[in-house]
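A.B. asks: One structure follows; several queries about it will come next.
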Amino acid sequence: MSTQNTIDIENKFSVSFGEKLPVSIDKGLGSKVWDENGKEYLDFTSGWAVTCLGHSHPAIIDAIVNQSGKIIHNPNSGLTHSPARAKLLLTLQNVLPSGMNKVFFTNSGAEANDAAMKLARKITGRKKIISTRMSFHGRTLATLSATGQSVQRDRFNVVVPFFEFVEYNSVCQLSECINSDTAAVILEPLQGEGGIIPATPAFLAAAQALCKAYGVLLIVDEIQTGFFRTGPAFLSQSMGIKPDFLTMAKGIAGGFPFGAVAVNNDIVSKIEIGDHGGTYNGNPLGCAIASSVIEFMLTSDIERGVEEKGKYCASTFNSWILKYPLQIKEMRGKGLLWALEFTNADAATFFHNTCLENGLILNQKHGKIIRFFPALTITKKELQDGFSIMENVLSML
Ligand SMILES: Cc1ncc(COP(=O)(O)O)c(C=O)c1O
C-alpha cells in the first residue's frame, strides 16, 4: 500500500477522534521511523511516552516471541497463576517505592486510575474525589470526571457526581476543599497533558499531610511520568511522597498496552475478593514484555542516561529562549519530558508542521505548546540531529 492509499482507507472507514497527521508509519527502529514511501523521521514523541526503549527493541521482540510461543492468555484468565506474572511482580520490587510491594494489573492508564478511585470510594465509604485543574487522568466516564480540562469534559455533560477541582499547586484551595467526606485526592506529580506543569514540593507534601489528617487516600498518577521518564523511576518517590495508590501505564511495557496499580499494606488489608477484575488484566504476554522492559531499564542504568540527556535538553532549550525570545516564551520539564511554550499558537503550528516536513515528529498541545518526549534510549547524536532541525525552523520564524 502507498501512504495515500492508507490515508484514504482510514479516512473512509475509521471513526477518528483526532486530527491526524498526513503520515503513515510503516516501521521503526530505535528513535527512527519510516513512512510507507520510505521517508525517514526522528520520533521525538515515543507514541506519547510509551515506546520508552524505542521501536523494535530486541528486549521487547524477544519477550513477545518467547512468551507468545508458550502462552499469551491463561485458562480462566486471572484466576490461574502465571510464572510470567510472578516474574514481573518480582522485577517490579526493584523499582517500586518501599512499602508499596503489592500490585494489580490493568490494560491502560485510564483503567488503572478508574480502579484506584473505585477502590478508594469503597475502602473509605466516602464519595468525594478531589482532582486538580488541567489534570488528565483518562477518558473513561470516571477518569474523565477526574480530568480537570473542561475542553475534554464539558461536551459529555460531565458526568459522574462528587468530583471537585482545586488549582494545581494551590495548598490553600486543597486545604479548603478536603474534608471528612473526601475519599481520595488524585494528582500527577507533573501534569503531562496539562502542558508539562511540575508540582511544587510544597503542594505534594501538603497533599500527603492533608490526606493523612482527614483519612483521605492519595492516588498518585505516574502514568506519564513513571518508569524513568523524568530521571528517577517515579517522580513522586524522588520528592518523598508515599501514596496509597500509585498508578502506572505507558512506559511500563514499552508500547504493549499494559498498566498497573501499586498499593500500600494498609490498602491491601482492605481489598476484598470481587472488588476488581478484568479479562486481560495481568495477561502473561503483557507481563513478559513489561518484565523485559523494566529489566533492560535497570541493567542499562537508564536513569543516569535520562538525567544526562535531560541536562543537555535543558541547556539547549534554555539557549533557544535567550536566542529566540519572540518565538519561545518558556520551557518546562525534566529528564526527557519537556514543553516549549511558544508566544503564539500560529508560530507553534508552523514550527510543528515544518519540523514534520523536515523529518522530525513532535507533539503540539493546547495550541502554543510543543511537547518533546522521545524514547529514553535516544542517543545524543539523534537529539543533536533533531535539535538542529528544530533550530533551523526556529530561525525561519
Ligand atoms: C497522567 C495520565 N493519566 C492517565 C492517562 C490515560 O492513560 P491511557 O491513555 O493509557 O488510558 C494519561 C494518558 O495520556 C496520562 O498522561
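By order in the C-alpha cells, chains are A, B, ...; within a chain, residues start at 1; ligands start at 1, following the order shown.
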Env of stretch 278-284 of chain A: 9 Å cut, atoms = only C-alpha atoms, seq-sep filter 2 positions within chain, self excluded. Answer as a list in words.

C.D. replies: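 Skipping anything fewer than 2 positions along the chain leaves Gln67, Ser68, Ile71, Ile72, His73, Asn74, Asn76, Ser77, Gly78, Ser82, Pro83, Ala84, Arg85, Phe104, Phe105, Thr106, Asn107, Phe258, Gly259, Ala260, His276, Gly286, Cys287, Ala288 and Ile289 of chain A.
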
A.B. asks: Using only C-alpha atoms and all ligand atoms, find each protein or nucleic acid residue lying at most 8 Å from ligand 1; present the set as an MDAnalysis selection string.

C.D. replies: chainID A and resid 48 107:113 135:140 143 188 191:193 221:225 249:250 257:259

A.B. asks: Quick one: DSSP strand (DSSP E) residues in stretch 54-178 of chain A, as a list in words?

C.D. replies: Lys102, Val103, Phe104, Phe105, Thr106, Lys128, Ile129, Ile130, Ser131, Thr132, Phe163, Glu164, Phe165 and Val166 of chain A

A.B. asks: Can you write just those residues out, C-alpha atoms, as a tab-separated table (two decimals), in the first residue's frame?

C.D. replies:
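Output file selection19.tsv is given in full below:
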```tsv
chain	number	residue	atom	x	y	z
A	102	LYS	CA	1.60	-5.30	46.16
A	103	VAL	CA	0.38	-4.70	42.65
A	104	PHE	CA	-2.55	-5.44	40.38
A	105	PHE	CA	-2.56	-5.04	36.62
A	106	THR	CA	-4.70	-3.23	34.06
A	128	LYS	CA	-15.91	12.84	47.04
A	129	ILE	CA	-12.76	12.80	44.94
A	130	ILE	CA	-10.58	15.87	44.62
A	131	SER	CA	-8.58	16.41	41.46
A	132	THR	CA	-6.63	19.34	40.06
A	163	PHE	CA	-15.68	15.20	41.76
A	164	GLU	CA	-14.26	18.56	42.80
A	165	PHE	CA	-11.30	20.51	41.47
A	166	VAL	CA	-8.64	22.68	43.01
```

A.B. asks: Could you pull out the helix (DSSP H, G or I) residues of stretch 16-54 of chain A, going by DSSP on the backbone, and write them as a ChimeraX atom specification?

C.D. replies: /A:46-49

A.B. asks: Leaving out A:Ala339 and any residue of its chain fewer than 2 positions from it, which residues lie within 6 Å of it when counting only C-alpha atoms, given as a list in words?

C.D. replies: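 That gives Ile196, Met331, Arg332, Ile370 and Arg371 of chain A.
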
A.B. asks: Could you tell me which of A:Ala184, A:Val261, A:Met1, A:Leu53 comes closest to A:Ile294 if we count only C-alpha atoms?

C.D. replies: A:Leu53

A.B. asks: Which is closest to A:Ser180 among A:Lys127, A:Lys20, A:Lys118, A:Arg133, if we use only C-alpha atoms?

C.D. replies: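 Closest candidate: A:Lys127.
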
A.B. asks: Find the spatial neighbours of A:Thr354, counting only C-alpha atoms, within a cut-off of 9 Å - ignore same-chain residues fewer than 6 positions away - and output them as a list in words.

C.D. replies: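 Those residues are Leu360, Met390 and Val393 of chain A.
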
A.B. asks: Skip A:Met396 itself and residues of its chain fewer than 2 positions away, then list as a tab-separated table (two decimals) with N, CA, C and O atoms, in the first residue's frame all residues within 10 Å of it, counting only C-alpha atoms.

C.D. replies:
```tsv
chain	number	residue	atom	x	y	z
A	350	PHE	N	3.31	26.42	12.87
A	350	PHE	CA	4.31	26.48	11.80
A	350	PHE	C	5.53	25.63	12.18
A	350	PHE	O	6.04	24.84	11.38
A	351	PHE	N	5.95	25.79	13.42
A	351	PHE	CA	7.12	25.05	13.91
A	351	PHE	C	6.88	23.55	13.82
A	351	PHE	O	7.69	22.80	13.27
A	354	THR	N	6.51	22.36	10.07
A	354	THR	CA	7.75	22.44	9.28
A	354	THR	C	8.77	21.42	9.78
A	354	THR	O	9.50	20.81	8.99
A	391	GLU	N	16.13	24.00	15.47
A	391	GLU	CA	16.70	25.35	15.49
A	391	GLU	C	16.61	26.00	14.11
A	391	GLU	O	16.36	27.20	13.98
A	392	ASN	N	16.79	25.17	13.09
A	392	ASN	CA	16.67	25.67	11.74
A	392	ASN	C	15.27	26.26	11.50
A	392	ASN	O	15.12	27.34	10.92
A	393	VAL	N	14.26	25.55	11.97
A	393	VAL	CA	12.88	26.02	11.79
A	393	VAL	C	12.63	27.27	12.65
A	393	VAL	O	11.98	28.22	12.22
A	394	LEU	N	13.20	27.26	13.86
A	394	LEU	CA	13.05	28.43	14.72
A	394	LEU	C	13.58	29.69	14.04
A	394	LEU	O	12.97	30.77	14.11
```

A.B. asks: Go through stretch 79-175 of chain A residue by residue and, counting only C-alpha atoms, keep those with an atom at most 12 Å from stretch 299-319 of chain A; for each kept residue give the shortest atom pair and its distance in Å to one decimal, ordered by chain and increasing number, as a Markdown table.

C.D. replies:
```
| residue | atom | partner | partner_atom | distance |
| --- | --- | --- | --- | --- |
| A:Thr91 | CA | A:Thr299 | CA | 11.6 |
| A:Asn94 | CA | A:Thr299 | CA | 11.2 |
| A:Val95 | CA | A:Glu303 | CA | 11.2 |
```

A.B. asks: Mind checking which residues fall within 7 Å of A:Leu218, counting only C-alpha atoms, ignoring those fewer than 6 positions away in the same chain, and posting them as a PDB file with N, CA and C atoms, in the first residue's frame?

C.D. replies:
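For reference, around.pdb as written:
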```pdb
ATOM      1  N   ALA A 184     -10.728  10.458  48.192  1.00  0.00           N
ATOM      2  CA  ALA A 184      -9.371  10.442  47.622  1.00  0.00           C
ATOM      3  C   ALA A 184      -9.009  11.786  47.021  1.00  0.00           C
ATOM      4  N   VAL A 185      -7.711  12.011  46.977  1.00  0.00           N
ATOM      5  CA  VAL A 185      -7.144  13.088  46.159  1.00  0.00           C
ATOM      6  C   VAL A 185      -6.353  12.385  45.068  1.00  0.00           C
ATOM      7  N   ILE A 186      -6.582  12.785  43.819  1.00  0.00           N
ATOM      8  CA  ILE A 186      -5.808  12.204  42.715  1.00  0.00           C
ATOM      9  C   ILE A 186      -5.000  13.320  42.061  1.00  0.00           C
ATOM     10  N   GLN A 208      -0.110  15.199  50.794  1.00  0.00           N
ATOM     11  CA  GLN A 208       0.102  13.989  51.604  1.00  0.00           C
ATOM     12  C   GLN A 208      -0.329  14.227  53.055  1.00  0.00           C
ATOM     13  N   CYS A 211      -4.165  14.586  53.368  1.00  0.00           N
ATOM     14  CA  CYS A 211      -4.820  13.279  53.205  1.00  0.00           C
ATOM     15  C   CYS A 211      -4.718  12.499  54.512  1.00  0.00           C
ATOM     16  N   PRO A 243       2.287   7.550  48.338  1.00  0.00           N
ATOM     17  CA  PRO A 243       0.843   7.494  48.080  1.00  0.00           C
ATOM     18  C   PRO A 243       0.217   6.228  48.638  1.00  0.00           C
ATOM     19  N   ASP A 244      -1.105   6.189  48.595  1.00  0.00           N
ATOM     20  CA  ASP A 244      -1.808   4.942  48.906  1.00  0.00           C
ATOM     21  C   ASP A 244      -1.940   4.098  47.648  1.00  0.00           C
ATOM     22  N   PHE A 245      -2.169   4.787  46.521  1.00  0.00           N
ATOM     23  CA  PHE A 245      -2.237   4.113  45.230  1.00  0.00           C
ATOM     24  C   PHE A 245      -1.235   4.800  44.294  1.00  0.00           C
TER      25      PHE A 245
END
```

A.B. asks: To one decimal in Å, tell me the separation between atom CA of A:Ile241 and atom CA of A:Thr124.

C.D. replies: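 A separation of 20.5 Å between them.
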
A.B. asks: Between atom CA of A:Val23 and atom CA of A:Asp35, what distance in Å does the model show, to one decimal?

C.D. replies: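 Taking atom CA of A:Val23 as the start and atom CA of A:Asp35 as the end point, the length is 6.6 Å.
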
A.B. asks: Which residues, written as a ChimeraX atom specification, have at least one atom at most 12 Å from A:Gly386, with only C-alpha atoms counted and residues fewer than 3 positions away on the same chain left out?

C.D. replies: /A:31-32,41-45,313,316,355-356,358-362,372,374,378-383,389-393

A.B. asks: Just N, CA and C atoms for this one: save the residues we selected as a compact mmCIF listing (two decimals), in the first residue's frame.

C.D. replies:
```txt
# COMPACT_ATOMS: atom_id res chain seq x y z
N SER A 31 14.94 5.30 17.63
CA SER A 31 14.17 6.55 17.60
C SER A 31 13.81 6.97 16.19
N LYS A 32 14.05 6.10 15.23
CA LYS A 32 13.72 6.44 13.84
C LYS A 32 12.51 5.64 13.38
N TYR A 41 11.92 9.53 9.55
CA TYR A 41 11.61 10.57 10.55
C TYR A 41 12.30 10.23 11.85
N LEU A 42 12.64 11.26 12.61
CA LEU A 42 13.05 11.07 14.00
C LEU A 42 11.79 11.20 14.85
N ASP A 43 11.61 10.29 15.78
CA ASP A 43 10.41 10.30 16.61
C ASP A 43 10.75 10.92 17.98
N PHE A 44 10.29 12.15 18.18
CA PHE A 44 10.51 12.82 19.47
C PHE A 44 9.25 12.74 20.35
N THR A 45 8.38 11.75 20.08
CA THR A 45 7.17 11.63 20.90
C THR A 45 7.06 10.27 21.60
N CYS A 313 19.17 18.61 27.15
CA CYS A 313 17.94 19.23 26.63
C CYS A 313 17.73 20.58 27.30
N THR A 316 20.05 23.19 25.97
CA THR A 316 19.71 23.58 24.58
C THR A 316 18.46 24.47 24.57
N CYS A 355 8.80 21.18 11.09
CA CYS A 355 9.67 20.12 11.60
C CYS A 355 9.24 18.78 10.99
N LEU A 356 7.94 18.56 10.92
CA LEU A 356 7.44 17.29 10.35
C LEU A 356 7.88 17.15 8.90
N ASN A 358 10.40 18.31 7.64
CA ASN A 358 11.85 18.07 7.63
C ASN A 358 12.25 16.79 8.34
N GLY A 359 11.27 15.94 8.64
CA GLY A 359 11.60 14.61 9.16
C GLY A 359 11.70 14.51 10.67
N LEU A 360 10.98 15.38 11.39
CA LEU A 360 11.01 15.31 12.85
C LEU A 360 9.58 15.34 13.40
N ILE A 361 9.23 14.31 14.17
CA ILE A 361 7.86 14.23 14.69
C ILE A 361 7.83 14.74 16.13
N LEU A 362 7.04 15.81 16.33
CA LEU A 362 6.84 16.40 17.66
C LEU A 362 5.35 16.35 17.99
N PHE A 372 7.86 17.48 23.91
CA PHE A 372 9.01 16.69 23.46
C PHE A 372 9.21 15.56 24.47
N PRO A 374 10.97 11.95 23.77
CA PRO A 374 11.48 10.86 22.93
C PRO A 374 11.68 9.58 23.72
N ILE A 378 17.10 7.21 23.39
CA ILE A 378 17.58 8.05 22.27
C ILE A 378 19.05 8.39 22.48
N THR A 379 19.80 8.49 21.38
CA THR A 379 21.23 8.80 21.52
C THR A 379 21.43 10.32 21.49
N LYS A 380 22.59 10.73 21.96
CA LYS A 380 22.90 12.16 21.95
C LYS A 380 22.93 12.66 20.50
N LYS A 381 23.45 11.81 19.62
CA LYS A 381 23.54 12.20 18.19
C LYS A 381 22.13 12.43 17.62
N GLU A 382 21.19 11.54 17.99
CA GLU A 382 19.82 11.72 17.50
C GLU A 382 19.19 12.99 18.08
N LEU A 383 19.49 13.25 19.35
CA LEU A 383 18.99 14.51 19.93
C LEU A 383 19.56 15.69 19.16
N ILE A 389 17.30 20.35 13.38
CA ILE A 389 16.09 20.64 12.58
C ILE A 389 15.25 21.70 13.29
N MET A 390 15.08 21.53 14.61
CA MET A 390 14.24 22.47 15.37
C MET A 390 14.81 23.89 15.30
N GLU A 391 16.13 24.00 15.47
CA GLU A 391 16.70 25.35 15.49
C GLU A 391 16.61 26.00 14.11
N ASN A 392 16.79 25.17 13.09
CA ASN A 392 16.67 25.67 11.74
C ASN A 392 15.27 26.26 11.50
N VAL A 393 14.26 25.55 11.97
CA VAL A 393 12.88 26.02 11.79
C VAL A 393 12.63 27.27 12.65
```
